[in-house]
Amino acid sequence: MSNVPDTTTKIKLNGDGTDYDKTGIQWIVNPWDELALTRALQLKDAGAVEKVTVISVGGADIDPTIRKALAMGADDAIRVNTDPKEAYFVAAQLAEAIKNNMYDVILAGIDSADYNGSLVGGMLAEFLDIPSVSSVSELFIEGGKVKLHREIDGGSEILEVETPFVGIVQKGIAKEPVIASMRGIMMSRTKPIVVAEAVPAEAQTEFMGYELPKPKAACRMVDAENPKELVDLLYNEAKILS
Amino acid sequence: MSILVYTENWDGKFKKLSFELISYANNLAKKMNTQVVALSIGDVAADELNKLGKYGATKVLTFNDDRLKSLINQPYASVIAQAAEKEGANVVLISHNFTGKALAPRVAVKLKAGTISAVIAQPESVEPFIVVKKVFTGKAFAKVCIKSAIKVLTLAQNSVDIVEDSKTPAIETFSAVIKDSEFKMKVVDVHKVTGKVLLSDAEVVVSGGRGMKGPENWKPIEELADLLGGATACSRPVSDEDWRPHEEHVGQTGKIIAPNLYFALGISGAIQHIAGVSSSKVIVAINTDKDAPVFESANYGIVGDVHKVLPKLIEAFKEAKSK
């Protein structure tokens, strides 16, 4: 799971644009990862899965977010103790941390709300040399076999996959995230977060700086009684239709 | 040295996005003083492969294997990586669509390549290799430098123009090696709706929100989409209420789309919804609330009851089209 700023956050940059301003930001479990975890917990409730572990790359500052995942119901957590610099680096760290203690099903959200990379899940599978399925909208485990739906252009496919594998999940994997109960929150305080040391790995990309989008021009309002004017504007001013 | 472009096919045919990829690669190839090589996997006829030459491809590698009828990530990624190695590619370009998201990260690790996904423009510089990409679901841009020798890029749909630069490509059968051990999954069923414009391909999208008040009110939205040759979409609450199929949900936790024209009808314009459509070239909003946040993101707007305005708008479009 990824630690990301709350999705309503207004992004501000620091003085020279080399980073975004992190003061006052509420950190949350990446929404896709939260849904992936929800599905995992549903499968555990149904008896198809014995243990659910969350794993993340980051410093001690992300522990509160990991606790949120534990409060939802994950059994334990692993935190690889290093800055999550970029996708290749993060995937390499995750692979090292779990390769000697493999899981049958590894789930990752399709992308993270901060960098929108859509990379870590697939990279992790490649580092571990195991199959991956992307755009997974439903996941079932029946009789020890994994069946999943993945979205394709114009529809969906149903696949059977051998474990271990990485399922990269998107909309549909769970309808609503699990809301941590009071009991869950209390129990999360005693669940273990194992801190794994980082290993040397390449960061193949580097973030050089940020820019904010240019402010857009004000909305051109058209009278509700005169939609013809809108049609005119779209054809002749915006020239967006032919 | 080359730029390798993976050009996916749909039943043996390429789409607009395929030509966008070649155009982007061709533009970049000129800056890097190199050639564009396309890779096609599947059963694609020579005259279809030749189309890639129109946009600048000088070579097209074609590989077909019955085992690859459906997308299986491991062997597909292996074929792309093998082609990249054969052609000495220093840039590998893939679409940022379902297939691209599945394959690019695996290809990247096979090639030890830094990856920038969802690029919307040419690199700012090639030496060092720096590309600007959207982050925070469109709320900011990040300048990213790829430090590795080989670079993987995925290109967002409808973000670059198709530019003709006719070449006669050499069509070459590519002998990739794929092992049975790379097939650890199989497709057991397919559900496909044919004939409709795909949301990700549509140049016009007509989308409805809670302001539409119920699924029974969707006919005008479908009518407008049909009239303009587009697709229909919806906001999250509409999808959650099962008024519309989940595949139509656009937004932070739905699909990210970038049509030429997006109609937001009865949609208030929450940040998470706008995140899904902010790359649209033109946004039109219709809402009863003049203070709805959607008007901050829209280029054109009408304050009014969508149930009254939409039929009139459809009539106005019909009239304009008949001229």
# chains A, B, ... in the order shown; residues from 1 in each chain; ligands from 1
>>> interface_residues(of="chain B", to="chain A", cutoff="7 Å", atoms="only C-alpha atoms", output="number ranges by chain")
B: 73-74, 98, 101-102, 105-106, 109, 113-114, 117, 135-137, 139-148, 184-194, 198, 253-254, 260-261, 271, 295-296, 298-304, 309, 312-313, 316-317
>>> residues_around(residues="region 158-175 of chain B", least_positions_apart="5", cutoff="10 Å", atoms="only C-alpha atoms", output="VMD selection string")
chain B and resid 16 to 24 26 to 27 36 to 41 46 49 to 64 79 82 to 83 86 118 to 122 200 to 203 257 to 260 279 to 281
>>> atom_distance(atom1="CA of Lys31 (chain B)", atom2="CA of Glu127 (chain B)")
10.3 Å
>>> select_by_dssp(residues="region 89-120 of chain B", states="strand (DSSP E)", output="list in words")
Ala89, Asn90, Val91, Val92, Leu93, Ile94, Ser95, Gly114, Thr115, Ile116, Ser117, Ala118 and Val119 of chain B
>>> closest_residue(among="B:Lys323, B:Lys110, B:Lys290, B:His273", to="Ile256 (chain B)", atoms="only C-alpha atoms")
B:His273
>>> residues_around(residues="Ala97 (chain A)", least_positions_apart="5", cutoff="9 Å", atoms="only C-alpha atoms", output="MDAnalysis selection string")
chainID A and resid 55 78:80 92 196:199
>>> write_last_selection(atoms="C-alpha atoms", output="mmCIF file, in the first residue's frame")
data_model
loop_
_atom_site.group_PDB
_atom_site.id
_atom_site.type_symbol
_atom_site.label_atom_id
_atom_site.label_comp_id
_atom_site.auth_asym_id
_atom_site.auth_seq_id
_atom_site.Cartn_x
_atom_site.Cartn_y
_atom_site.Cartn_z
ATOM 1 C CA ILE A 55 3.476 -3.874 3.017
ATOM 2 C CA ILE A 78 5.890 -4.821 6.857
ATOM 3 C CA ARG A 79 7.500 -1.437 6.358
ATOM 4 C CA VAL A 80 10.656 -1.250 4.272
ATOM 5 C CA ALA A 92 12.760 -3.671 -6.017
ATOM 6 C CA ALA A 196 12.675 -4.381 7.087
ATOM 7 C CA GLU A 197 15.927 -2.721 6.162
ATOM 8 C CA ALA A 198 16.226 -1.394 2.632
ATOM 9 C CA VAL A 199 18.588 -3.056 0.186
#
>>> decode(residues="region 191-202 of chain A", atoms="N, CA and C atoms", output="PDB file, in the first residue's frame")
ATOM      1  N   LYS A 191      -0.917  -4.785  16.816  1.00  0.00           N
ATOM      2  CA  LYS A 191      -0.499  -5.627  15.689  1.00  0.00           C
ATOM      3  C   LYS A 191       0.911  -5.234  15.263  1.00  0.00           C
ATOM      4  N   PRO A 192       1.720  -6.206  14.857  1.00  0.00           N
ATOM      5  CA  PRO A 192       3.120  -5.888  14.555  1.00  0.00           C
ATOM      6  C   PRO A 192       3.340  -5.190  13.216  1.00  0.00           C
ATOM      7  N   ILE A 193       4.211  -4.186  13.240  1.00  0.00           N
ATOM      8  CA  ILE A 193       4.734  -3.618  11.985  1.00  0.00           C
ATOM      9  C   ILE A 193       6.205  -4.021  11.965  1.00  0.00           C
ATOM     10  N   VAL A 194       6.530  -4.965  11.112  1.00  0.00           N
ATOM     11  CA  VAL A 194       7.928  -5.413  11.017  1.00  0.00           C
ATOM     12  C   VAL A 194       8.687  -4.422  10.147  1.00  0.00           C
ATOM     13  N   VAL A 195       9.779  -3.906  10.669  1.00  0.00           N
ATOM     14  CA  VAL A 195      10.559  -2.953   9.873  1.00  0.00           C
ATOM     15  C   VAL A 195      11.670  -3.715   9.167  1.00  0.00           C
ATOM     16  N   ALA A 196      11.644  -3.697   7.871  1.00  0.00           N
ATOM     17  CA  ALA A 196      12.675  -4.381   7.087  1.00  0.00           C
ATOM     18  C   ALA A 196      13.666  -3.337   6.596  1.00  0.00           C
ATOM     19  N   GLU A 197      14.942  -3.678   6.651  1.00  0.00           N
ATOM     20  CA  GLU A 197      15.927  -2.721   6.162  1.00  0.00           C
ATOM     21  C   GLU A 197      15.926  -2.699   4.642  1.00  0.00           C
ATOM     22  N   ALA A 198      16.175  -1.526   4.088  1.00  0.00           N
ATOM     23  CA  ALA A 198      16.226  -1.394   2.632  1.00  0.00           C
ATOM     24  C   ALA A 198      17.464  -2.095   2.110  1.00  0.00           C
ATOM     25  N   VAL A 199      17.412  -2.483   0.847  1.00  0.00           N
ATOM     26  CA  VAL A 199      18.588  -3.056   0.186  1.00  0.00           C
ATOM     27  C   VAL A 199      19.043  -2.081  -0.887  1.00  0.00           C
ATOM     28  N   PRO A 200      20.287  -2.203  -1.315  1.00  0.00           N
ATOM     29  CA  PRO A 200      20.721  -1.311  -2.395  1.00  0.00           C
ATOM     30  C   PRO A 200      19.895  -1.590  -3.646  1.00  0.00           C
ATOM     31  N   ALA A 201      19.366  -0.564  -4.252  1.00  0.00           N
ATOM     32  CA  ALA A 201      18.569  -0.742  -5.476  1.00  0.00           C
ATOM     33  C   ALA A 201      18.643   0.543  -6.277  1.00  0.00           C
ATOM     34  N   GLU A 202      18.421   0.414  -7.571  1.00  0.00           N
ATOM     35  CA  GLU A 202      18.496   1.578  -8.447  1.00  0.00           C
ATOM     36  C   GLU A 202      17.208   2.390  -8.400  1.00  0.00           C
TER      37      GLU A 202
END
